[in-house]
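Student: Contents of final.cif (mmCIF, N, CA and C atoms) are given next:
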```
data_run
loop_
_atom_site.label_atom_id
_atom_site.label_comp_id
_atom_site.auth_asym_id
_atom_site.auth_seq_id
_atom_site.Cartn_x
_atom_site.Cartn_y
_atom_site.Cartn_z
N MET A 767 -1.63 -18.07 1.14
CA MET A 767 -2.60 -17.05 1.49
C MET A 767 -2.92 -17.15 2.97
N SER A 768 -2.94 -16.03 3.61
CA SER A 768 -3.23 -16.06 5.03
C SER A 768 -4.74 -16.17 5.24
N GLU A 769 -5.09 -16.93 6.26
CA GLU A 769 -6.51 -17.10 6.59
C GLU A 769 -7.15 -15.77 6.96
N GLU A 770 -6.38 -14.90 7.60
CA GLU A 770 -6.91 -13.59 7.99
C GLU A 770 -7.31 -12.77 6.76
N ARG A 771 -6.49 -12.78 5.73
CA ARG A 771 -6.82 -12.04 4.50
C ARG A 771 -8.02 -12.65 3.80
N LEU A 772 -8.08 -13.97 3.74
CA LEU A 772 -9.23 -14.63 3.13
C LEU A 772 -10.51 -14.32 3.89
N ARG A 773 -10.43 -14.35 5.21
CA ARG A 773 -11.60 -14.06 6.04
C ARG A 773 -12.07 -12.63 5.82
N ARG A 774 -11.13 -11.70 5.68
CA ARG A 774 -11.50 -10.30 5.45
C ARG A 774 -12.34 -10.16 4.19
N VAL A 775 -11.98 -10.90 3.15
CA VAL A 775 -12.74 -10.87 1.90
C VAL A 775 -14.07 -11.60 2.08
N ARG A 776 -14.03 -12.81 2.60
CA ARG A 776 -15.25 -13.62 2.78
C ARG A 776 -16.30 -12.89 3.62
N ASP A 777 -15.85 -12.18 4.64
CA ASP A 777 -16.79 -11.49 5.54
C ASP A 777 -17.56 -10.37 4.83
N ARG A 778 -17.10 -9.97 3.67
CA ARG A 778 -17.76 -8.89 2.95
C ARG A 778 -18.51 -9.38 1.70
N VAL A 779 -18.78 -10.67 1.67
CA VAL A 779 -19.59 -11.26 0.60
C VAL A 779 -20.84 -11.82 1.27
N ARG A 780 -22.01 -11.29 0.84
CA ARG A 780 -23.27 -11.72 1.46
C ARG A 780 -23.94 -12.81 0.64
N PRO A 781 -24.25 -13.95 1.28
CA PRO A 781 -24.96 -15.01 0.57
C PRO A 781 -26.47 -14.79 0.59
N PHE A 782 -27.12 -15.04 -0.54
CA PHE A 782 -28.57 -14.98 -0.63
C PHE A 782 -29.05 -16.30 -1.23
N PRO A 783 -29.44 -17.25 -0.34
CA PRO A 783 -29.92 -18.54 -0.85
C PRO A 783 -31.21 -18.38 -1.66
N ASP A 784 -31.36 -19.25 -2.64
CA ASP A 784 -32.57 -19.32 -3.47
C ASP A 784 -32.83 -18.04 -4.24
N PHE A 785 -31.78 -17.36 -4.67
CA PHE A 785 -31.92 -16.18 -5.52
C PHE A 785 -31.01 -16.34 -6.73
N PRO A 786 -31.50 -16.12 -7.91
CA PRO A 786 -32.82 -15.61 -8.32
C PRO A 786 -33.90 -16.68 -8.40
N VAL A 787 -33.51 -17.95 -8.24
CA VAL A 787 -34.49 -19.04 -8.23
C VAL A 787 -34.09 -20.02 -7.13
N PRO A 788 -35.02 -20.86 -6.68
CA PRO A 788 -34.69 -21.85 -5.66
C PRO A 788 -33.50 -22.73 -6.09
N GLY A 789 -32.62 -22.98 -5.13
CA GLY A 789 -31.47 -23.84 -5.39
C GLY A 789 -30.20 -23.11 -5.78
N VAL A 790 -30.30 -21.81 -6.05
CA VAL A 790 -29.12 -21.02 -6.43
C VAL A 790 -28.69 -20.18 -5.24
N LEU A 791 -27.40 -20.16 -4.97
CA LEU A 791 -26.84 -19.31 -3.91
C LEU A 791 -26.18 -18.11 -4.58
N PHE A 792 -26.81 -16.95 -4.47
CA PHE A 792 -26.26 -15.71 -5.02
C PHE A 792 -25.32 -15.11 -4.00
N ARG A 793 -24.14 -14.72 -4.46
CA ARG A 793 -23.16 -14.10 -3.57
C ARG A 793 -23.02 -12.63 -3.97
N ASP A 794 -23.48 -11.76 -3.08
CA ASP A 794 -23.47 -10.32 -3.31
C ASP A 794 -22.13 -9.74 -2.88
N ILE A 795 -21.42 -9.11 -3.84
CA ILE A 795 -20.12 -8.53 -3.53
C ILE A 795 -20.20 -7.03 -3.26
N SER A 796 -21.41 -6.48 -3.16
CA SER A 796 -21.55 -5.04 -2.90
C SER A 796 -20.80 -4.59 -1.65
N PRO A 797 -20.92 -5.30 -0.52
CA PRO A 797 -20.16 -4.87 0.67
C PRO A 797 -18.65 -4.89 0.44
N LEU A 798 -18.16 -5.84 -0.35
CA LEU A 798 -16.74 -5.91 -0.67
C LEU A 798 -16.31 -4.68 -1.48
N LEU A 799 -17.15 -4.27 -2.42
CA LEU A 799 -16.84 -3.11 -3.25
C LEU A 799 -16.89 -1.80 -2.45
N LYS A 800 -17.68 -1.78 -1.39
CA LYS A 800 -17.80 -0.58 -0.55
C LYS A 800 -16.62 -0.41 0.40
N ASP A 801 -15.86 -1.47 0.61
CA ASP A 801 -14.74 -1.46 1.56
C ASP A 801 -13.42 -1.48 0.78
N PRO A 802 -12.77 -0.31 0.60
CA PRO A 802 -11.56 -0.27 -0.22
C PRO A 802 -10.44 -1.18 0.29
N GLY A 803 -10.33 -1.33 1.58
CA GLY A 803 -9.30 -2.21 2.13
C GLY A 803 -9.56 -3.67 1.79
N ALA A 804 -10.81 -4.10 1.92
CA ALA A 804 -11.16 -5.48 1.61
C ALA A 804 -11.03 -5.74 0.11
N PHE A 805 -11.42 -4.78 -0.72
CA PHE A 805 -11.29 -4.95 -2.16
C PHE A 805 -9.81 -5.03 -2.56
N ARG A 806 -9.00 -4.21 -1.96
CA ARG A 806 -7.55 -4.26 -2.21
C ARG A 806 -6.99 -5.62 -1.80
N THR A 807 -7.48 -6.15 -0.68
CA THR A 807 -7.05 -7.47 -0.23
C THR A 807 -7.45 -8.54 -1.24
N LEU A 808 -8.66 -8.44 -1.80
CA LEU A 808 -9.08 -9.39 -2.84
C LEU A 808 -8.13 -9.35 -4.03
N ILE A 809 -7.81 -8.15 -4.51
CA ILE A 809 -6.91 -8.01 -5.66
C ILE A 809 -5.52 -8.52 -5.30
N ASP A 810 -5.05 -8.25 -4.08
CA ASP A 810 -3.75 -8.77 -3.62
C ASP A 810 -3.73 -10.30 -3.66
N LEU A 811 -4.79 -10.92 -3.14
CA LEU A 811 -4.87 -12.39 -3.11
C LEU A 811 -4.90 -12.97 -4.52
N LEU A 812 -5.69 -12.37 -5.39
CA LEU A 812 -5.77 -12.85 -6.77
C LEU A 812 -4.43 -12.67 -7.49
N GLU A 813 -3.80 -11.52 -7.28
CA GLU A 813 -2.49 -11.28 -7.90
C GLU A 813 -1.47 -12.32 -7.44
N ASP A 814 -1.43 -12.58 -6.13
CA ASP A 814 -0.50 -13.58 -5.60
C ASP A 814 -0.76 -14.95 -6.24
N HIS A 815 -2.03 -15.32 -6.30
CA HIS A 815 -2.39 -16.62 -6.87
C HIS A 815 -2.02 -16.72 -8.35
N LEU A 816 -2.31 -15.68 -9.10
CA LEU A 816 -2.04 -15.72 -10.54
C LEU A 816 -0.55 -15.72 -10.83
N ARG A 817 0.20 -14.93 -10.11
CA ARG A 817 1.66 -14.92 -10.33
C ARG A 817 2.26 -16.29 -10.03
N ALA A 818 1.73 -16.97 -9.02
CA ALA A 818 2.25 -18.29 -8.66
C ALA A 818 1.77 -19.38 -9.61
N SER A 819 0.53 -19.25 -10.11
CA SER A 819 -0.08 -20.31 -10.92
C SER A 819 0.12 -20.16 -12.42
N PHE A 820 0.19 -18.94 -12.89
CA PHE A 820 0.30 -18.66 -14.32
C PHE A 820 1.44 -17.67 -14.54
N PRO A 821 2.65 -18.16 -14.76
CA PRO A 821 3.80 -17.25 -14.86
C PRO A 821 3.71 -16.28 -16.04
N ARG A 822 2.91 -16.62 -17.05
CA ARG A 822 2.78 -15.70 -18.19
C ARG A 822 1.31 -15.57 -18.57
N ILE A 823 0.80 -14.35 -18.53
CA ILE A 823 -0.56 -14.03 -18.96
C ILE A 823 -0.44 -12.82 -19.87
N ASP A 824 -1.03 -12.89 -21.07
CA ASP A 824 -0.98 -11.77 -22.01
C ASP A 824 -2.13 -10.79 -21.80
N PHE A 825 -3.31 -11.30 -21.51
CA PHE A 825 -4.51 -10.49 -21.30
C PHE A 825 -5.36 -11.13 -20.23
N ILE A 826 -6.16 -10.30 -19.58
CA ILE A 826 -7.26 -10.79 -18.77
C ILE A 826 -8.53 -10.39 -19.50
N VAL A 827 -9.45 -11.33 -19.65
CA VAL A 827 -10.76 -11.02 -20.21
C VAL A 827 -11.77 -11.15 -19.08
N GLY A 828 -12.76 -10.28 -19.09
CA GLY A 828 -13.76 -10.29 -18.03
C GLY A 828 -15.15 -10.21 -18.60
N LEU A 829 -16.05 -11.00 -18.03
CA LEU A 829 -17.44 -11.06 -18.46
C LEU A 829 -18.29 -10.13 -17.61
N ASP A 830 -19.28 -9.46 -18.27
CA ASP A 830 -20.28 -8.69 -17.53
C ASP A 830 -20.70 -9.48 -16.30
N SER A 831 -20.85 -9.00 -15.20
CA SER A 831 -20.48 -7.70 -14.71
C SER A 831 -19.35 -7.79 -13.70
N ARG A 832 -19.28 -8.88 -12.97
CA ARG A 832 -18.21 -8.99 -11.97
C ARG A 832 -16.84 -9.01 -12.62
N GLY A 833 -16.75 -9.58 -13.79
CA GLY A 833 -15.46 -9.58 -14.50
C GLY A 833 -14.99 -8.19 -14.82
N PHE A 834 -15.95 -7.25 -15.02
CA PHE A 834 -15.61 -5.85 -15.28
C PHE A 834 -15.12 -5.16 -14.02
N LEU A 835 -15.57 -5.61 -12.87
CA LEU A 835 -15.20 -4.97 -11.61
C LEU A 835 -13.85 -5.47 -11.09
N ILE A 836 -13.57 -6.74 -11.32
CA ILE A 836 -12.36 -7.34 -10.77
C ILE A 836 -11.23 -7.41 -11.80
N GLY A 837 -11.57 -7.63 -13.07
CA GLY A 837 -10.56 -7.79 -14.11
C GLY A 837 -9.65 -6.60 -14.33
N PRO A 838 -10.18 -5.37 -14.50
CA PRO A 838 -9.29 -4.23 -14.78
C PRO A 838 -8.26 -3.93 -13.69
N PRO A 839 -8.64 -3.88 -12.40
CA PRO A 839 -7.59 -3.61 -11.42
C PRO A 839 -6.56 -4.75 -11.33
N LEU A 840 -7.01 -5.97 -11.57
CA LEU A 840 -6.09 -7.10 -11.57
C LEU A 840 -5.14 -7.02 -12.76
N ALA A 841 -5.67 -6.69 -13.93
CA ALA A 841 -4.83 -6.53 -15.12
C ALA A 841 -3.81 -5.41 -14.90
N GLN A 842 -4.26 -4.31 -14.31
CA GLN A 842 -3.35 -3.19 -14.05
C GLN A 842 -2.21 -3.63 -13.13
N ARG A 843 -2.53 -4.37 -12.07
CA ARG A 843 -1.51 -4.86 -11.15
C ARG A 843 -0.49 -5.73 -11.87
N LEU A 844 -0.97 -6.55 -12.82
CA LEU A 844 -0.10 -7.47 -13.54
C LEU A 844 0.61 -6.81 -14.71
N GLY A 845 0.24 -5.56 -15.01
CA GLY A 845 0.86 -4.83 -16.11
C GLY A 845 0.47 -5.36 -17.48
N ILE A 846 -0.78 -5.84 -17.60
CA ILE A 846 -1.28 -6.39 -18.86
C ILE A 846 -2.61 -5.74 -19.22
N GLY A 847 -3.11 -6.01 -20.42
CA GLY A 847 -4.37 -5.44 -20.87
C GLY A 847 -5.59 -6.21 -20.39
N PHE A 848 -6.73 -5.54 -20.49
CA PHE A 848 -8.03 -6.12 -20.13
C PHE A 848 -8.94 -6.06 -21.35
N VAL A 849 -9.63 -7.16 -21.63
CA VAL A 849 -10.58 -7.23 -22.74
C VAL A 849 -11.95 -7.56 -22.18
N PRO A 850 -12.96 -6.67 -22.37
CA PRO A 850 -14.30 -6.96 -21.87
C PRO A 850 -15.03 -7.96 -22.78
N ILE A 851 -15.77 -8.84 -22.16
CA ILE A 851 -16.68 -9.73 -22.88
C ILE A 851 -18.08 -9.28 -22.50
N ARG A 852 -18.84 -8.87 -23.50
CA ARG A 852 -20.15 -8.28 -23.26
C ARG A 852 -21.27 -9.23 -23.64
N LYS A 853 -22.45 -8.94 -23.12
CA LYS A 853 -23.63 -9.69 -23.52
C LYS A 853 -23.96 -9.36 -24.97
N LYS A 854 -24.62 -10.29 -25.63
CA LYS A 854 -24.96 -10.17 -27.04
C LYS A 854 -25.66 -8.83 -27.31
N GLY A 855 -25.23 -8.18 -28.39
CA GLY A 855 -25.84 -6.92 -28.79
C GLY A 855 -25.25 -5.68 -28.16
N LYS A 856 -24.22 -5.81 -27.34
CA LYS A 856 -23.64 -4.66 -26.63
C LYS A 856 -22.33 -4.17 -27.23
N LEU A 857 -21.76 -4.89 -28.20
CA LEU A 857 -20.50 -4.47 -28.82
C LEU A 857 -20.70 -4.20 -30.31
N PRO A 858 -20.23 -3.07 -30.79
CA PRO A 858 -20.30 -2.81 -32.23
C PRO A 858 -19.16 -3.52 -32.95
N GLY A 859 -19.24 -3.58 -34.26
CA GLY A 859 -18.15 -4.15 -35.05
C GLY A 859 -18.14 -5.66 -35.00
N PRO A 860 -17.11 -6.26 -35.60
CA PRO A 860 -17.04 -7.72 -35.64
C PRO A 860 -16.81 -8.32 -34.26
N THR A 861 -17.58 -9.34 -33.96
CA THR A 861 -17.47 -10.03 -32.67
C THR A 861 -17.54 -11.53 -32.89
N GLU A 862 -17.20 -12.27 -31.87
CA GLU A 862 -17.39 -13.71 -31.88
C GLU A 862 -18.25 -14.06 -30.69
N SER A 863 -19.18 -14.99 -30.87
CA SER A 863 -20.16 -15.30 -29.85
C SER A 863 -19.91 -16.66 -29.20
N VAL A 864 -20.18 -16.73 -27.90
CA VAL A 864 -20.16 -17.98 -27.13
C VAL A 864 -21.44 -17.99 -26.31
N SER A 865 -22.16 -19.11 -26.29
CA SER A 865 -23.38 -19.23 -25.49
C SER A 865 -23.21 -20.34 -24.47
N TYR A 866 -23.87 -20.20 -23.34
CA TYR A 866 -23.84 -21.22 -22.31
C TYR A 866 -25.09 -21.09 -21.46
N THR A 867 -25.40 -22.12 -20.70
CA THR A 867 -26.58 -22.15 -19.86
C THR A 867 -26.17 -21.92 -18.41
N LEU A 868 -26.86 -20.99 -17.76
CA LEU A 868 -26.59 -20.71 -16.35
C LEU A 868 -27.16 -21.84 -15.49
N GLU A 869 -26.74 -21.87 -14.23
CA GLU A 869 -27.17 -22.94 -13.34
C GLU A 869 -28.67 -22.97 -13.11
N TYR A 870 -29.37 -21.87 -13.38
CA TYR A 870 -30.81 -21.86 -13.19
C TYR A 870 -31.56 -21.86 -14.52
N GLY A 871 -30.88 -22.33 -15.59
CA GLY A 871 -31.56 -22.61 -16.83
C GLY A 871 -31.58 -21.52 -17.88
N LYS A 872 -31.14 -20.33 -17.55
CA LYS A 872 -31.15 -19.23 -18.51
C LYS A 872 -29.96 -19.38 -19.47
N VAL A 873 -30.21 -19.20 -20.77
CA VAL A 873 -29.14 -19.24 -21.76
C VAL A 873 -28.60 -17.83 -21.93
N LEU A 874 -27.29 -17.70 -21.88
CA LEU A 874 -26.64 -16.40 -22.02
C LEU A 874 -25.67 -16.46 -23.17
N SER A 875 -25.74 -15.48 -24.05
CA SER A 875 -24.78 -15.38 -25.15
C SER A 875 -23.89 -14.19 -24.88
N VAL A 876 -22.59 -14.37 -25.08
CA VAL A 876 -21.65 -13.28 -24.88
C VAL A 876 -20.86 -13.07 -26.15
N LYS A 877 -20.31 -11.87 -26.30
CA LYS A 877 -19.55 -11.51 -27.49
C LYS A 877 -18.17 -11.00 -27.09
N VAL A 878 -17.18 -11.38 -27.88
CA VAL A 878 -15.82 -10.88 -27.72
C VAL A 878 -15.53 -9.98 -28.90
N ASP A 879 -15.04 -8.77 -28.64
CA ASP A 879 -14.67 -7.83 -29.69
C ASP A 879 -13.45 -8.37 -30.43
N LEU A 880 -13.59 -8.57 -31.74
CA LEU A 880 -12.49 -9.14 -32.50
C LEU A 880 -11.48 -8.10 -32.95
N ALA A 881 -11.63 -6.84 -32.50
CA ALA A 881 -10.61 -5.84 -32.79
C ALA A 881 -9.30 -6.27 -32.15
N GLU A 882 -9.39 -6.98 -31.03
CA GLU A 882 -8.23 -7.58 -30.39
C GLU A 882 -8.17 -9.02 -30.86
N ASP A 883 -7.17 -9.40 -31.59
CA ASP A 883 -7.06 -10.76 -32.08
C ASP A 883 -6.48 -11.63 -30.97
N LEU A 884 -7.38 -12.13 -30.13
CA LEU A 884 -6.94 -12.92 -28.98
C LEU A 884 -6.36 -14.26 -29.38
N SER A 885 -6.65 -14.71 -30.61
CA SER A 885 -6.12 -16.01 -31.03
C SER A 885 -4.59 -15.96 -31.15
N ALA A 886 -4.04 -14.75 -31.27
CA ALA A 886 -2.58 -14.62 -31.37
C ALA A 886 -1.92 -14.79 -30.01
N PHE A 887 -2.70 -14.75 -28.95
CA PHE A 887 -2.17 -14.84 -27.60
C PHE A 887 -2.54 -16.19 -27.00
N HIS A 888 -1.61 -16.82 -26.37
CA HIS A 888 -1.85 -18.14 -25.81
C HIS A 888 -2.02 -18.12 -24.30
N HIS A 889 -1.86 -16.98 -23.69
CA HIS A 889 -1.90 -16.89 -22.24
C HIS A 889 -2.92 -15.83 -21.85
N VAL A 890 -4.20 -16.18 -21.96
CA VAL A 890 -5.29 -15.27 -21.66
C VAL A 890 -6.06 -15.85 -20.49
N LEU A 891 -6.36 -15.03 -19.49
CA LEU A 891 -7.05 -15.48 -18.30
C LEU A 891 -8.47 -14.95 -18.31
N ALA A 892 -9.46 -15.84 -18.14
CA ALA A 892 -10.87 -15.44 -18.10
C ALA A 892 -11.31 -15.23 -16.67
N VAL A 893 -11.87 -14.06 -16.39
CA VAL A 893 -12.41 -13.75 -15.08
C VAL A 893 -13.90 -13.55 -15.27
N CYS A 894 -14.69 -14.57 -14.91
CA CYS A 894 -16.14 -14.47 -15.00
C CYS A 894 -16.74 -15.33 -13.90
N GLU A 895 -18.03 -15.15 -13.67
CA GLU A 895 -18.61 -15.77 -12.50
C GLU A 895 -19.26 -17.12 -12.77
N ALA A 896 -19.39 -17.51 -14.01
CA ALA A 896 -20.10 -18.75 -14.33
C ALA A 896 -19.14 -19.80 -14.85
N PHE A 897 -19.07 -20.94 -14.18
CA PHE A 897 -18.16 -21.98 -14.60
C PHE A 897 -18.39 -22.44 -16.04
N PRO A 898 -19.66 -22.61 -16.50
CA PRO A 898 -19.83 -23.03 -17.90
C PRO A 898 -19.22 -22.03 -18.88
N CYS A 899 -19.29 -20.75 -18.55
CA CYS A 899 -18.68 -19.73 -19.40
C CYS A 899 -17.18 -19.98 -19.49
N LYS A 900 -16.55 -20.24 -18.36
CA LYS A 900 -15.11 -20.45 -18.34
C LYS A 900 -14.73 -21.67 -19.16
N ALA A 901 -15.51 -22.74 -19.01
CA ALA A 901 -15.19 -23.97 -19.74
C ALA A 901 -15.34 -23.74 -21.24
N ARG A 902 -16.39 -23.06 -21.67
CA ARG A 902 -16.61 -22.81 -23.09
C ARG A 902 -15.53 -21.89 -23.65
N LEU A 903 -15.17 -20.86 -22.91
CA LEU A 903 -14.11 -19.97 -23.35
C LEU A 903 -12.79 -20.72 -23.46
N LYS A 904 -12.54 -21.60 -22.52
CA LYS A 904 -11.30 -22.36 -22.55
C LYS A 904 -11.23 -23.20 -23.82
N ARG A 905 -12.33 -23.85 -24.18
CA ARG A 905 -12.32 -24.65 -25.41
C ARG A 905 -12.21 -23.78 -26.64
N SER A 906 -12.86 -22.62 -26.63
CA SER A 906 -12.89 -21.75 -27.80
C SER A 906 -11.58 -20.98 -28.01
N TYR A 907 -10.96 -20.55 -26.95
CA TYR A 907 -9.84 -19.63 -27.05
C TYR A 907 -8.58 -20.09 -26.34
N SER A 908 -8.57 -21.26 -25.77
CA SER A 908 -7.45 -21.73 -24.95
C SER A 908 -7.16 -20.76 -23.80
N PHE A 909 -8.23 -20.23 -23.20
CA PHE A 909 -8.08 -19.37 -22.04
C PHE A 909 -7.81 -20.21 -20.81
N HIS A 910 -7.24 -19.58 -19.80
CA HIS A 910 -7.09 -20.19 -18.49
C HIS A 910 -8.19 -19.63 -17.61
N PRO A 911 -9.21 -20.42 -17.22
CA PRO A 911 -10.25 -19.89 -16.36
C PRO A 911 -9.72 -19.63 -14.95
N ALA A 912 -10.11 -18.53 -14.37
CA ALA A 912 -9.69 -18.20 -13.00
C ALA A 912 -10.85 -18.37 -12.07
N GLY A 913 -10.60 -18.93 -10.91
CA GLY A 913 -11.58 -19.01 -9.85
C GLY A 913 -12.81 -19.80 -10.12
#
```
Please go through the file and, once you have read it, give me the structure as structure tokens.

Tutor:
Amino acid sequence: MSEERLRRVRDRVRPFPDFPVPGVLFRDISPLLKDPGAFRTLIDLLEDHLRASFPRIDFIVGLDSRGFLIGPPLAQRLGIGFVPIRKKGKLPGPTESVSYTLEYGKVLSVKVDLAEDLSAFHHVLAVCEAFPCKARLKRSYSFHPAG
């Protein structure tokens, strides 16, 4: 990855220390989403990394909300499907739940739509912003956490 491309993406992410609570560094990606060239560069970098690191991926799953913004264009680039993971109570039909604690103490429960039988796939990549979510999904579904 070129430093220039990484810098282009980093320069469009705004840090907000102590938000939403003291000790947490919130990274706002709104400026990145407003700049189509920088967003394309982000997807290019992620695509390059995933192709090099994970030669086979069947699906990308993404967690509300950043996973919804980054996962679909990345899945499209890779020619694979995208599966949304929603917060509890947002998906109809049969779901499976995973809960985890955020870095500032809030417990979050998420649901995966079981209309897609992800257990049949062994190469699923999770795109979400919380490391505990990725670790729990990895144990539950043998996902490969990204980033």

Student: Using the chain letters and numbers from this file, what does the PyMOL selection byres ((chain A and resi 769-776) around 7) select? Give the answer as a ChimeraX atom specification.

Tutor: /A:767-768,777-780,798,804-805,807-808

Student: Run DSSP on the backbone and tell me which residues of region 795-842 of chain A come out as strand (DSSP E); list them as a PyMOL selection string.

Tutor: chain A and resi 825-829

Student: Which residue gives the smallest distance to Leu812 (chain A) among A:Gly845, A:Pro860, A:Gly855, A:Leu840, with all atoms listed in the file counted?

Tutor: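 Looking at the shortest contact to Leu812 (chain A), the residue is A:Leu840.
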
Student: Could you tell me how far CA of Pro850 (chain A) lies from CA of Gly828 (chain A), in Å and to one decimal?

Tutor: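 Distance reported for this atom pair: 5.1 Å.
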
Student: If I take atom N of Phe820 (chain A) and CA of Ser863 (chain A), how far is one from the other in Å, to one decimal?

Tutor: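 Between these atoms lies a distance of 26.7 Å.
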
Student: The PyMOL selection byres ((chain A and resi 792-796) around 5) - which residues does that actually catch in the file I just gave you? List them as a PyMOL selection string.

Tutor: chain A and resi 779-783+785+790-791+797-800
